[in-house]
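A.B. asks: Next comes query-v2.txt, compact mmCIF, N, CA and C atoms and all ligand atoms:
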# COMPACT_ATOMS: atom_id res chain seq x y z
N MET A 1 -72.02 -13.57 -6.71
CA MET A 1 -71.24 -12.87 -5.70
C MET A 1 -69.77 -12.92 -6.04
N SER A 2 -69.19 -11.81 -6.11
CA SER A 2 -67.74 -11.82 -6.39
C SER A 2 -67.00 -10.99 -5.36
N PHE A 3 -65.96 -11.57 -4.98
CA PHE A 3 -65.10 -10.86 -4.04
C PHE A 3 -64.06 -10.06 -4.78
N LYS A 4 -63.89 -8.95 -4.27
CA LYS A 4 -62.82 -8.17 -4.87
C LYS A 4 -61.58 -8.30 -3.99
N PHE A 5 -60.61 -8.85 -4.56
CA PHE A 5 -59.37 -8.97 -3.81
C PHE A 5 -58.46 -7.81 -4.10
N LEU A 6 -58.28 -7.10 -3.09
CA LEU A 6 -57.33 -5.99 -3.25
C LEU A 6 -55.96 -6.48 -2.82
N THR A 7 -55.22 -6.65 -3.76
CA THR A 7 -53.89 -7.13 -3.44
C THR A 7 -52.99 -5.97 -3.07
N VAL A 8 -52.71 -5.96 -1.84
CA VAL A 8 -51.81 -4.89 -1.40
C VAL A 8 -50.39 -5.38 -1.58
N ALA A 9 -49.89 -4.91 -2.62
CA ALA A 9 -48.51 -5.31 -2.90
C ALA A 9 -47.58 -4.53 -1.99
N ALA A 10 -47.01 -5.26 -1.11
CA ALA A 10 -46.04 -4.62 -0.23
C ALA A 10 -44.79 -4.33 -1.06
N SER A 11 -44.89 -3.23 -1.71
CA SER A 11 -43.78 -2.91 -2.59
C SER A 11 -42.62 -2.29 -1.83
N LEU A 12 -41.62 -3.04 -1.75
CA LEU A 12 -40.43 -2.54 -1.08
C LEU A 12 -39.62 -1.75 -2.10
N VAL A 13 -39.78 -0.48 -1.96
CA VAL A 13 -39.04 0.37 -2.88
C VAL A 13 -37.62 0.55 -2.35
N ILE A 14 -36.76 -0.01 -3.07
CA ILE A 14 -35.38 0.12 -2.65
C ILE A 14 -34.76 1.33 -3.36
N ALA A 15 -34.59 2.32 -2.58
CA ALA A 15 -34.06 3.56 -3.14
C ALA A 15 -32.65 3.35 -3.68
N SER A 16 -32.53 3.66 -4.91
CA SER A 16 -31.19 3.53 -5.47
C SER A 16 -30.42 4.80 -5.14
N THR A 17 -29.31 4.63 -4.60
CA THR A 17 -28.53 5.79 -4.17
C THR A 17 -27.76 6.39 -5.32
N ALA A 18 -28.03 7.65 -5.51
CA ALA A 18 -27.33 8.36 -6.58
C ALA A 18 -26.00 8.90 -6.08
N LEU A 19 -25.88 8.93 -4.76
CA LEU A 19 -24.65 9.45 -4.20
C LEU A 19 -23.50 8.48 -4.40
N ALA A 20 -22.37 9.04 -4.51
CA ALA A 20 -21.18 8.20 -4.64
C ALA A 20 -21.01 7.39 -3.36
N GLN A 21 -20.84 6.14 -3.53
CA GLN A 21 -20.63 5.28 -2.38
C GLN A 21 -19.14 5.25 -2.05
N THR A 22 -18.84 5.69 -0.88
CA THR A 22 -17.44 5.60 -0.50
C THR A 22 -17.32 4.58 0.62
N ASN A 23 -16.34 3.76 0.52
CA ASN A 23 -16.16 2.78 1.58
C ASN A 23 -14.96 3.11 2.45
N GLN A 24 -14.46 4.31 2.25
CA GLN A 24 -13.39 4.74 3.14
C GLN A 24 -13.44 6.25 3.34
N LEU A 25 -12.73 6.68 4.33
CA LEU A 25 -12.71 8.11 4.65
C LEU A 25 -12.10 8.91 3.50
N GLU A 26 -12.74 10.04 3.20
CA GLU A 26 -12.24 10.88 2.12
C GLU A 26 -12.14 12.34 2.55
N VAL A 27 -11.13 12.99 2.05
CA VAL A 27 -10.95 14.41 2.31
C VAL A 27 -11.04 15.12 0.97
N ALA A 28 -11.89 16.15 0.89
CA ALA A 28 -12.10 16.83 -0.39
C ALA A 28 -12.09 18.34 -0.22
N ASN A 29 -11.99 19.02 -1.36
CA ASN A 29 -12.10 20.48 -1.40
C ASN A 29 -11.19 21.21 -0.41
N ALA A 30 -9.94 20.79 -0.37
CA ALA A 30 -9.01 21.47 0.54
C ALA A 30 -8.56 22.78 -0.08
N TRP A 31 -8.68 23.86 0.71
CA TRP A 31 -8.31 25.17 0.20
C TRP A 31 -7.81 26.06 1.32
N ALA A 32 -7.14 27.12 0.94
CA ALA A 32 -6.64 28.10 1.91
C ALA A 32 -6.75 29.47 1.26
N ARG A 33 -6.70 30.51 2.08
CA ARG A 33 -6.65 31.86 1.54
C ARG A 33 -5.20 32.28 1.38
N ALA A 34 -4.95 33.04 0.33
CA ALA A 34 -3.62 33.61 0.17
C ALA A 34 -3.35 34.52 1.37
N THR A 35 -2.10 34.61 1.78
CA THR A 35 -1.76 35.45 2.93
C THR A 35 -0.95 36.66 2.48
N PRO A 36 -1.16 37.80 3.17
CA PRO A 36 -0.36 38.97 2.85
C PRO A 36 1.11 38.73 3.22
N GLY A 37 1.99 39.53 2.60
CA GLY A 37 3.42 39.32 2.72
C GLY A 37 3.98 38.98 4.08
N LYS A 38 3.55 39.72 5.10
CA LYS A 38 4.22 39.52 6.39
C LYS A 38 3.50 38.57 7.33
N ALA A 39 2.35 38.07 6.90
CA ALA A 39 1.60 37.19 7.79
C ALA A 39 2.38 35.93 8.11
N GLU A 40 2.41 35.59 9.38
CA GLU A 40 3.12 34.37 9.76
C GLU A 40 2.19 33.17 9.82
N ASN A 41 0.90 33.46 9.85
CA ASN A 41 -0.08 32.39 9.99
C ASN A 41 -1.05 32.35 8.83
N GLY A 42 -1.51 31.17 8.54
CA GLY A 42 -2.56 30.98 7.55
C GLY A 42 -3.54 29.95 8.06
N ALA A 43 -4.57 29.68 7.28
CA ALA A 43 -5.55 28.68 7.70
C ALA A 43 -5.98 27.87 6.49
N ALA A 44 -6.24 26.61 6.71
CA ALA A 44 -6.70 25.73 5.63
C ALA A 44 -8.06 25.16 6.01
N TYR A 45 -8.86 24.90 4.97
CA TYR A 45 -10.23 24.42 5.16
C TYR A 45 -10.45 23.23 4.24
N LEU A 46 -11.35 22.34 4.62
CA LEU A 46 -11.61 21.16 3.80
C LEU A 46 -12.86 20.45 4.30
N THR A 47 -13.24 19.41 3.57
CA THR A 47 -14.40 18.61 3.94
C THR A 47 -13.96 17.16 4.12
N ILE A 48 -14.42 16.57 5.22
CA ILE A 48 -14.08 15.19 5.53
C ILE A 48 -15.35 14.37 5.57
N GLN A 49 -15.33 13.23 4.91
CA GLN A 49 -16.48 12.32 5.00
C GLN A 49 -15.99 10.91 5.23
N SER A 50 -16.67 10.22 6.11
CA SER A 50 -16.27 8.85 6.43
C SER A 50 -17.50 7.98 6.59
N PRO A 51 -17.47 6.75 6.07
CA PRO A 51 -18.62 5.84 6.23
C PRO A 51 -18.74 5.32 7.66
N THR A 52 -17.68 5.42 8.42
CA THR A 52 -17.69 4.94 9.80
C THR A 52 -17.18 6.06 10.70
N PRO A 53 -17.57 6.06 11.97
CA PRO A 53 -17.11 7.13 12.86
C PRO A 53 -15.59 7.14 12.97
N ASP A 54 -15.04 8.33 12.94
CA ASP A 54 -13.59 8.44 13.05
C ASP A 54 -13.28 9.75 13.78
N ARG A 55 -12.02 10.03 13.91
CA ARG A 55 -11.64 11.26 14.61
C ARG A 55 -10.33 11.78 14.03
N LEU A 56 -10.36 13.06 13.68
CA LEU A 56 -9.15 13.71 13.19
C LEU A 56 -8.31 14.07 14.41
N VAL A 57 -7.09 13.56 14.47
CA VAL A 57 -6.30 13.77 15.68
C VAL A 57 -5.03 14.59 15.47
N ALA A 58 -4.57 14.71 14.23
CA ALA A 58 -3.35 15.51 14.02
C ALA A 58 -3.29 16.02 12.60
N VAL A 59 -2.63 17.16 12.43
CA VAL A 59 -2.44 17.75 11.10
C VAL A 59 -1.00 18.24 10.98
N SER A 60 -0.49 18.22 9.76
CA SER A 60 0.85 18.77 9.56
C SER A 60 1.02 19.18 8.11
N SER A 61 1.91 20.13 7.88
CA SER A 61 2.20 20.58 6.53
C SER A 61 3.64 21.06 6.47
N PRO A 62 4.33 20.77 5.38
CA PRO A 62 5.72 21.23 5.26
C PRO A 62 5.85 22.74 5.10
N VAL A 63 4.74 23.46 4.82
CA VAL A 63 4.85 24.91 4.61
C VAL A 63 4.82 25.70 5.92
N ALA A 64 4.48 25.04 7.02
CA ALA A 64 4.39 25.73 8.30
C ALA A 64 5.16 24.98 9.38
N LYS A 65 5.70 25.75 10.31
CA LYS A 65 6.43 25.12 11.41
C LYS A 65 5.50 24.24 12.22
N LYS A 66 4.26 24.70 12.34
CA LYS A 66 3.31 23.96 13.15
C LYS A 66 1.92 24.06 12.54
N ALA A 67 1.20 22.98 12.51
CA ALA A 67 -0.19 23.00 12.08
C ALA A 67 -1.03 22.51 13.24
N GLU A 68 -2.16 23.17 13.44
CA GLU A 68 -3.01 22.85 14.58
C GLU A 68 -4.46 22.92 14.18
N LEU A 69 -5.25 22.05 14.81
CA LEU A 69 -6.68 22.10 14.59
C LEU A 69 -7.25 23.15 15.54
N HIS A 70 -8.02 24.10 14.99
CA HIS A 70 -8.57 25.18 15.80
C HIS A 70 -10.08 25.24 15.65
N THR A 71 -10.71 25.80 16.66
CA THR A 71 -12.11 26.15 16.53
C THR A 71 -12.23 27.64 16.76
N MET A 72 -13.24 28.25 16.18
CA MET A 72 -13.42 29.69 16.31
C MET A 72 -14.84 29.94 16.78
N SER A 73 -14.99 30.81 17.75
CA SER A 73 -16.34 31.12 18.20
C SER A 73 -16.39 32.55 18.72
N MET A 74 -17.60 33.08 18.76
CA MET A 74 -17.79 34.43 19.28
C MET A 74 -17.90 34.37 20.80
N GLU A 75 -17.11 35.16 21.46
CA GLU A 75 -17.26 35.30 22.91
C GLU A 75 -17.54 36.77 23.15
N GLY A 76 -18.81 37.07 23.39
CA GLY A 76 -19.22 38.45 23.44
C GLY A 76 -19.07 39.01 22.03
N MET A 77 -18.28 40.05 21.88
CA MET A 77 -18.08 40.65 20.57
C MET A 77 -16.74 40.25 19.96
N VAL A 78 -16.08 39.30 20.59
CA VAL A 78 -14.74 38.96 20.15
C VAL A 78 -14.68 37.54 19.59
N MET A 79 -14.05 37.41 18.43
CA MET A 79 -13.81 36.11 17.84
C MET A 79 -12.61 35.48 18.54
N LYS A 80 -12.82 34.32 19.09
CA LYS A 80 -11.73 33.65 19.78
C LYS A 80 -11.41 32.33 19.09
N MET A 81 -10.12 32.06 19.01
CA MET A 81 -9.69 30.77 18.47
C MET A 81 -9.10 29.94 19.58
N ARG A 82 -9.44 28.67 19.55
CA ARG A 82 -8.87 27.75 20.54
C ARG A 82 -8.39 26.49 19.84
N PRO A 83 -7.29 25.93 20.30
CA PRO A 83 -6.86 24.65 19.73
C PRO A 83 -7.82 23.54 20.14
N LEU A 84 -8.00 22.59 19.25
CA LEU A 84 -8.84 21.43 19.54
C LEU A 84 -7.93 20.20 19.60
N ALA A 85 -8.20 19.32 20.54
CA ALA A 85 -7.40 18.09 20.64
C ALA A 85 -7.73 17.14 19.50
N GLY A 86 -8.94 17.24 19.00
CA GLY A 86 -9.36 16.35 17.91
C GLY A 86 -10.73 16.77 17.42
N LEU A 87 -11.12 16.20 16.30
CA LEU A 87 -12.42 16.55 15.72
C LEU A 87 -13.14 15.26 15.33
N ASP A 88 -14.30 15.04 15.93
CA ASP A 88 -15.06 13.82 15.64
C ASP A 88 -15.69 13.89 14.26
N ILE A 89 -15.58 12.79 13.53
CA ILE A 89 -16.20 12.68 12.21
C ILE A 89 -17.29 11.62 12.33
N PRO A 90 -18.58 12.05 12.32
CA PRO A 90 -19.66 11.06 12.43
C PRO A 90 -19.79 10.25 11.14
N ALA A 91 -20.33 9.05 11.27
CA ALA A 91 -20.49 8.18 10.10
C ALA A 91 -21.42 8.81 9.07
N GLY A 92 -20.97 8.85 7.83
CA GLY A 92 -21.81 9.27 6.72
C GLY A 92 -22.21 10.73 6.67
N GLN A 93 -21.66 11.53 7.55
CA GLN A 93 -22.02 12.95 7.58
C GLN A 93 -20.78 13.78 7.29
N PRO A 94 -20.82 14.57 6.21
CA PRO A 94 -19.64 15.37 5.90
C PRO A 94 -19.38 16.43 6.97
N VAL A 95 -18.15 16.60 7.30
CA VAL A 95 -17.75 17.64 8.25
C VAL A 95 -16.92 18.65 7.47
N THR A 96 -17.38 19.91 7.45
CA THR A 96 -16.70 20.92 6.67
C THR A 96 -16.01 21.93 7.57
N LEU A 97 -14.73 22.08 7.38
CA LEU A 97 -13.98 23.13 8.07
C LEU A 97 -14.06 24.36 7.19
N LYS A 98 -14.49 25.50 7.77
CA LYS A 98 -14.65 26.68 6.94
C LYS A 98 -14.39 27.95 7.75
N PRO A 99 -14.19 29.08 7.06
CA PRO A 99 -13.93 30.33 7.78
C PRO A 99 -15.04 30.61 8.80
N GLY A 100 -14.64 31.01 10.01
CA GLY A 100 -15.60 31.29 11.05
C GLY A 100 -15.88 30.10 11.94
N GLY A 101 -15.35 28.93 11.58
CA GLY A 101 -15.57 27.73 12.39
C GLY A 101 -14.27 26.98 12.57
N GLU A 102 -14.39 25.67 12.53
CA GLU A 102 -13.17 24.88 12.66
C GLU A 102 -12.26 25.10 11.46
N HIS A 103 -10.97 25.12 11.74
CA HIS A 103 -10.01 25.30 10.66
C HIS A 103 -8.68 24.68 11.04
N ILE A 104 -7.82 24.56 10.07
CA ILE A 104 -6.48 24.09 10.36
C ILE A 104 -5.56 25.30 10.32
N MET A 105 -4.99 25.60 11.47
CA MET A 105 -4.13 26.77 11.60
C MET A 105 -2.72 26.39 11.18
N LEU A 106 -2.17 27.22 10.32
CA LEU A 106 -0.78 27.00 9.89
C LEU A 106 0.04 28.09 10.55
N GLU A 107 0.87 27.71 11.48
CA GLU A 107 1.63 28.69 12.24
C GLU A 107 3.10 28.67 11.85
N GLY A 108 3.62 29.86 11.63
CA GLY A 108 5.03 29.97 11.24
C GLY A 108 5.24 29.55 9.79
N LEU A 109 4.55 30.25 8.89
CA LEU A 109 4.69 29.95 7.46
C LEU A 109 6.12 30.27 6.99
N ASP A 110 6.66 29.37 6.20
CA ASP A 110 8.00 29.61 5.65
C ASP A 110 7.95 30.71 4.60
N ALA A 111 6.84 30.80 3.89
CA ALA A 111 6.67 31.81 2.83
C ALA A 111 5.19 32.11 2.74
N PRO A 112 4.83 33.30 2.18
CA PRO A 112 3.40 33.60 2.05
C PRO A 112 2.70 32.55 1.18
N LEU A 113 1.43 32.35 1.45
CA LEU A 113 0.63 31.47 0.60
C LEU A 113 0.18 32.31 -0.58
N ARG A 114 0.55 31.91 -1.78
CA ARG A 114 0.26 32.71 -2.96
C ARG A 114 -0.88 32.12 -3.77
N GLU A 115 -1.80 33.00 -4.14
CA GLU A 115 -2.96 32.59 -4.93
C GLU A 115 -2.50 31.81 -6.17
N GLY A 116 -3.20 30.71 -6.42
CA GLY A 116 -2.90 29.91 -7.60
C GLY A 116 -1.93 28.78 -7.33
N GLN A 117 -1.23 28.88 -6.18
CA GLN A 117 -0.32 27.79 -5.85
C GLN A 117 -1.04 26.79 -4.94
N SER A 118 -0.32 25.77 -4.55
CA SER A 118 -0.92 24.76 -3.67
C SER A 118 0.17 24.17 -2.78
N PHE A 119 -0.25 23.48 -1.76
CA PHE A 119 0.71 22.84 -0.87
C PHE A 119 0.10 21.58 -0.27
N PRO A 120 0.95 20.65 0.17
CA PRO A 120 0.41 19.43 0.76
C PRO A 120 0.06 19.59 2.24
N LEU A 121 -0.94 18.85 2.66
CA LEU A 121 -1.38 18.87 4.06
C LEU A 121 -1.69 17.42 4.43
N THR A 122 -1.15 17.00 5.56
CA THR A 122 -1.37 15.61 5.99
C THR A 122 -2.26 15.59 7.22
N LEU A 123 -3.31 14.77 7.14
CA LEU A 123 -4.24 14.64 8.25
C LEU A 123 -4.12 13.22 8.80
N THR A 124 -4.13 13.12 10.12
CA THR A 124 -4.05 11.80 10.75
C THR A 124 -5.35 11.52 11.47
N PHE A 125 -5.93 10.36 11.13
CA PHE A 125 -7.19 9.95 11.75
C PHE A 125 -6.96 8.74 12.65
N ASP A 126 -7.78 8.66 13.68
CA ASP A 126 -7.73 7.56 14.63
C ASP A 126 -7.72 6.21 13.94
N LYS A 127 -8.71 6.01 13.06
CA LYS A 127 -8.88 4.69 12.47
C LYS A 127 -8.40 4.62 11.02
N ALA A 128 -8.65 5.66 10.26
CA ALA A 128 -8.33 5.61 8.82
C ALA A 128 -6.86 5.86 8.53
N GLY A 129 -6.10 6.26 9.53
CA GLY A 129 -4.69 6.51 9.29
C GLY A 129 -4.47 7.89 8.70
N THR A 130 -3.49 8.05 7.85
CA THR A 130 -3.18 9.38 7.33
C THR A 130 -3.71 9.56 5.92
N ARG A 131 -4.03 10.82 5.62
CA ARG A 131 -4.41 11.23 4.27
C ARG A 131 -3.63 12.51 3.96
N THR A 132 -3.00 12.54 2.80
CA THR A 132 -2.34 13.77 2.40
C THR A 132 -3.11 14.35 1.23
N VAL A 133 -3.50 15.61 1.37
CA VAL A 133 -4.28 16.27 0.33
C VAL A 133 -3.52 17.48 -0.19
N THR A 134 -3.89 17.93 -1.38
CA THR A 134 -3.31 19.14 -1.95
C THR A 134 -4.25 20.30 -1.66
N VAL A 135 -3.73 21.31 -1.01
CA VAL A 135 -4.54 22.47 -0.64
C VAL A 135 -4.36 23.56 -1.71
N ALA A 136 -5.46 23.96 -2.34
CA ALA A 136 -5.41 25.00 -3.37
C ALA A 136 -5.47 26.37 -2.68
N ILE A 137 -4.62 27.26 -3.09
CA ILE A 137 -4.61 28.60 -2.49
C ILE A 137 -5.48 29.54 -3.33
N GLU A 138 -6.52 30.05 -2.66
CA GLU A 138 -7.45 30.97 -3.32
C GLU A 138 -7.07 32.40 -2.98
N LYS A 139 -7.80 33.37 -3.56
CA LYS A 139 -7.44 34.76 -3.33
C LYS A 139 -7.70 35.17 -1.87
N PRO A 140 -7.03 36.24 -1.41
CA PRO A 140 -7.27 36.67 -0.03
C PRO A 140 -8.75 36.97 0.17
N GLY A 141 -9.32 36.52 1.26
CA GLY A 141 -10.72 36.81 1.53
C GLY A 141 -11.70 35.90 0.82
N ALA A 142 -11.22 34.92 0.10
CA ALA A 142 -12.13 33.99 -0.58
C ALA A 142 -13.03 33.32 0.46
N ALA A 143 -14.28 33.06 0.07
CA ALA A 143 -15.22 32.48 1.02
C ALA A 143 -15.26 30.97 0.93
N GLY A 144 -14.70 30.42 -0.14
CA GLY A 144 -14.75 28.97 -0.30
C GLY A 144 -13.85 28.54 -1.43
N PRO A 145 -13.80 27.25 -1.67
CA PRO A 145 -12.93 26.76 -2.74
C PRO A 145 -13.49 27.17 -4.10
N ALA A 146 -12.62 27.45 -5.05
CA ALA A 146 -13.07 27.75 -6.41
C ALA A 146 -13.64 26.46 -7.00
N ALA A 147 -14.04 26.51 -8.25
CA ALA A 147 -14.59 25.33 -8.91
C ALA A 147 -13.76 24.12 -8.57
N GLN A 148 -14.45 23.04 -8.30
CA GLN A 148 -13.73 21.81 -7.93
C GLN A 148 -12.79 21.41 -9.04
N ARG A 149 -11.65 20.99 -8.60
CA ARG A 149 -10.65 20.61 -9.61
C ARG A 149 -10.20 19.21 -9.35
CU CU B 201 -6.80 29.44 14.26
Rewrite the structure from the file as structure tokens, please.
C.D. replies:
Amino acid sequence: MSFKFLTVAASLVIASTALAQTNQLEVANAWARATPGKAENGAAYLTIQSPTPDRLVAVSSPVAKKAELHTMSMEGMVMKMRPLAGLDIPAGQPVTLKPGGEHIMLEGLDAPLREGQSFPLTLTFDKAGTRTVTVAIEKPGAAGPAAQR
């Protein structure tokens, strides 16, 4: 008589993370559309990722008199923009500001945003403090950032 021992190896598969581990809040892929000559306003877009919950509370840029966090939504057939007091950044989940949604409004541009140029943008977070990123200016009507640089 022989017993067959089935050894159930409780194999704890520890998934190795291929993703870049960040231990602090990061802002990436900041971009804006070029603006036509007389436009006084522009918008900037970017992606924010944080390992811990945080909140974007203020934005500023030297190229505009005022920078504001905005949200955009359809109300009936009309696109409406509203200022936001802040934007929550959940832990570990990238938050992307993009055309048609949340964006950073640049009001009172000193000069048109020209394709190929860039400008600095400073974001202030509740916990992570400030981050200054370089915003790449893409062509008018661009749908997203060009190849990551
Ligand atoms: Cu806006």
A.B. asks: For stretch 117-129 of chain A, work out the shell of residues within 6 Å, counting all atoms listed in the file and skipping chain neighbours fewer than 2 positions away, then give it as a list in words.
C.D. replies: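 Near neighbours after the sequence-gap exclusion: Asp54, Arg55, Leu56, Val57, Ala58, Val59, Ser60, Ser61, Pro62, Arg114, Glu115, Arg131, Thr132, Val133, Thr134, Val135, Ala136 and Ile137 of chain A.
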A.B. asks: Show me which residues line ligand CU 201 (chain B), defined as having an atom within 6 Å of a ligand atom where all atoms listed in the file count, and present them as a short mmCIF file (atom, residue, chain, number, x, y, z; two decimals) with N, CA and C atoms, keeping the file's coordinate frame.
C.D. replies:
data_model
loop_
_atom_site.label_atom_id
_atom_site.label_comp_id
_atom_site.auth_asym_id
_atom_site.auth_seq_id
_atom_site.Cartn_x
_atom_site.Cartn_y
_atom_site.Cartn_z
N HIS A 70 -8.02 24.10 14.99
CA HIS A 70 -8.57 25.18 15.80
C HIS A 70 -10.08 25.24 15.65
N THR A 71 -10.71 25.80 16.66
CA THR A 71 -12.11 26.15 16.53
C THR A 71 -12.23 27.64 16.76
N MET A 81 -10.12 32.06 19.01
CA MET A 81 -9.69 30.77 18.47
C MET A 81 -9.10 29.94 19.58
N ARG A 82 -9.44 28.67 19.55
CA ARG A 82 -8.87 27.75 20.54
C ARG A 82 -8.39 26.49 19.84
N ILE A 104 -7.82 24.56 10.07
CA ILE A 104 -6.48 24.09 10.36
C ILE A 104 -5.56 25.30 10.32
N MET A 105 -4.99 25.60 11.47
CA MET A 105 -4.13 26.77 11.60
C MET A 105 -2.72 26.39 11.18
#
A.B. asks: Please write as a PDB file with N, CA and C atoms, keeping the file's coordinate frame the list of polymer residues whose atoms come within 9 Å of (-7.7, 25.3, 8.1), counting only C-alpha atoms and keeping to the coordinates of the file.
C.D. replies:
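After the write, point-v9.pdb holds the following:
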ATOM      1  N   ALA A  30      -9.940  20.790  -0.370  1.00  0.00           N
ATOM      2  CA  ALA A  30      -9.010  21.470   0.540  1.00  0.00           C
ATOM      3  C   ALA A  30      -8.560  22.780  -0.080  1.00  0.00           C
ATOM      4  N   TRP A  31      -8.680  23.860   0.710  1.00  0.00           N
ATOM      5  CA  TRP A  31      -8.310  25.170   0.200  1.00  0.00           C
ATOM      6  C   TRP A  31      -7.810  26.060   1.320  1.00  0.00           C
ATOM      7  N   ALA A  32      -7.140  27.120   0.940  1.00  0.00           N
ATOM      8  CA  ALA A  32      -6.640  28.100   1.910  1.00  0.00           C
ATOM      9  C   ALA A  32      -6.750  29.470   1.260  1.00  0.00           C
ATOM     10  N   GLY A  42      -1.510  31.170   8.540  1.00  0.00           N
ATOM     11  CA  GLY A  42      -2.560  30.980   7.550  1.00  0.00           C
ATOM     12  C   GLY A  42      -3.540  29.950   8.060  1.00  0.00           C
ATOM     13  N   ALA A  43      -4.570  29.680   7.280  1.00  0.00           N
ATOM     14  CA  ALA A  43      -5.550  28.680   7.700  1.00  0.00           C
ATOM     15  C   ALA A  43      -5.980  27.870   6.490  1.00  0.00           C
ATOM     16  N   ALA A  44      -6.240  26.610   6.710  1.00  0.00           N
ATOM     17  CA  ALA A  44      -6.700  25.730   5.630  1.00  0.00           C
ATOM     18  C   ALA A  44      -8.060  25.160   6.010  1.00  0.00           C
ATOM     19  N   TYR A  45      -8.860  24.900   4.970  1.00  0.00           N
ATOM     20  CA  TYR A  45     -10.230  24.420   5.160  1.00  0.00           C
ATOM     21  C   TYR A  45     -10.450  23.230   4.240  1.00  0.00           C
ATOM     22  N   LEU A  46     -11.350  22.340   4.620  1.00  0.00           N
ATOM     23  CA  LEU A  46     -11.610  21.160   3.800  1.00  0.00           C
ATOM     24  C   LEU A  46     -12.860  20.450   4.300  1.00  0.00           C
ATOM     25  N   ALA A  67       1.200  22.980  12.510  1.00  0.00           N
ATOM     26  CA  ALA A  67      -0.190  23.000  12.080  1.00  0.00           C
ATOM     27  C   ALA A  67      -1.030  22.510  13.240  1.00  0.00           C
ATOM     28  N   GLU A  68      -2.160  23.170  13.440  1.00  0.00           N
ATOM     29  CA  GLU A  68      -3.010  22.850  14.580  1.00  0.00           C
ATOM     30  C   GLU A  68      -4.460  22.920  14.180  1.00  0.00           C
ATOM     31  N   LEU A  69      -5.250  22.050  14.810  1.00  0.00           N
ATOM     32  CA  LEU A  69      -6.680  22.100  14.590  1.00  0.00           C
ATOM     33  C   LEU A  69      -7.250  23.150  15.540  1.00  0.00           C
ATOM     34  N   HIS A  70      -8.020  24.100  14.990  1.00  0.00           N
ATOM     35  CA  HIS A  70      -8.570  25.180  15.800  1.00  0.00           C
ATOM     36  C   HIS A  70     -10.080  25.240  15.650  1.00  0.00           C
ATOM     37  N   LEU A  97     -14.730  22.080   7.380  1.00  0.00           N
ATOM     38  CA  LEU A  97     -13.980  23.130   8.070  1.00  0.00           C
ATOM     39  C   LEU A  97     -14.060  24.360   7.190  1.00  0.00           C
ATOM     40  N   LYS A  98     -14.490  25.500   7.770  1.00  0.00           N
ATOM     41  CA  LYS A  98     -14.650  26.680   6.940  1.00  0.00           C
ATOM     42  C   LYS A  98     -14.390  27.950   7.750  1.00  0.00           C
ATOM     43  N   PRO A  99     -14.190  29.080   7.060  1.00  0.00           N
ATOM     44  CA  PRO A  99     -13.930  30.330   7.780  1.00  0.00           C
ATOM     45  C   PRO A  99     -15.040  30.610   8.800  1.00  0.00           C
ATOM     46  N   GLU A 102     -14.390  25.670  12.530  1.00  0.00           N
ATOM     47  CA  GLU A 102     -13.170  24.880  12.660  1.00  0.00           C
ATOM     48  C   GLU A 102     -12.260  25.100  11.460  1.00  0.00           C
ATOM     49  N   HIS A 103     -10.970  25.120  11.740  1.00  0.00           N
ATOM     50  CA  HIS A 103     -10.010  25.300  10.660  1.00  0.00           C
ATOM     51  C   HIS A 103      -8.680  24.680  11.040  1.00  0.00           C
ATOM     52  N   ILE A 104      -7.820  24.560  10.070  1.00  0.00           N
ATOM     53  CA  ILE A 104      -6.480  24.090  10.360  1.00  0.00           C
ATOM     54  C   ILE A 104      -5.560  25.300  10.320  1.00  0.00           C
ATOM     55  N   MET A 105      -4.990  25.600  11.470  1.00  0.00           N
ATOM     56  CA  MET A 105      -4.130  26.770  11.600  1.00  0.00           C
ATOM     57  C   MET A 105      -2.720  26.390  11.180  1.00  0.00           C
ATOM     58  N   LEU A 106      -2.170  27.220  10.320  1.00  0.00           N
ATOM     59  CA  LEU A 106      -0.780  27.000   9.890  1.00  0.00           C
ATOM     60  C   LEU A 106       0.040  28.090  10.550  1.00  0.00           C
TER      61      LEU A 106
END
A.B. asks: Atom CA of A:Thr35 to atom CA of A:Thr130: how many Å, to one decimal?
C.D. replies: 26.5 Å
A.B. asks: Provide an axis-aligned box for all listed atoms of stretch 118-137 of chain A, padding each side by 4 Å; report its centre and its edge lengths in Å to one decimal, as AutoDock Vina command-line options.
C.D. replies:
--center_x -4.0 --center_y 17.1 --center_z 5.0 --size_x 17.8 --size_y 32.9 --size_z 27.2
A.B. asks: Residues at most 6.5 Å from A:Thr52, counting only N, CA and C atoms, excluding those fewer than 5 positions away in the same chain, as a VMD selection string?
C.D. replies: chain A and resid 89 to 92
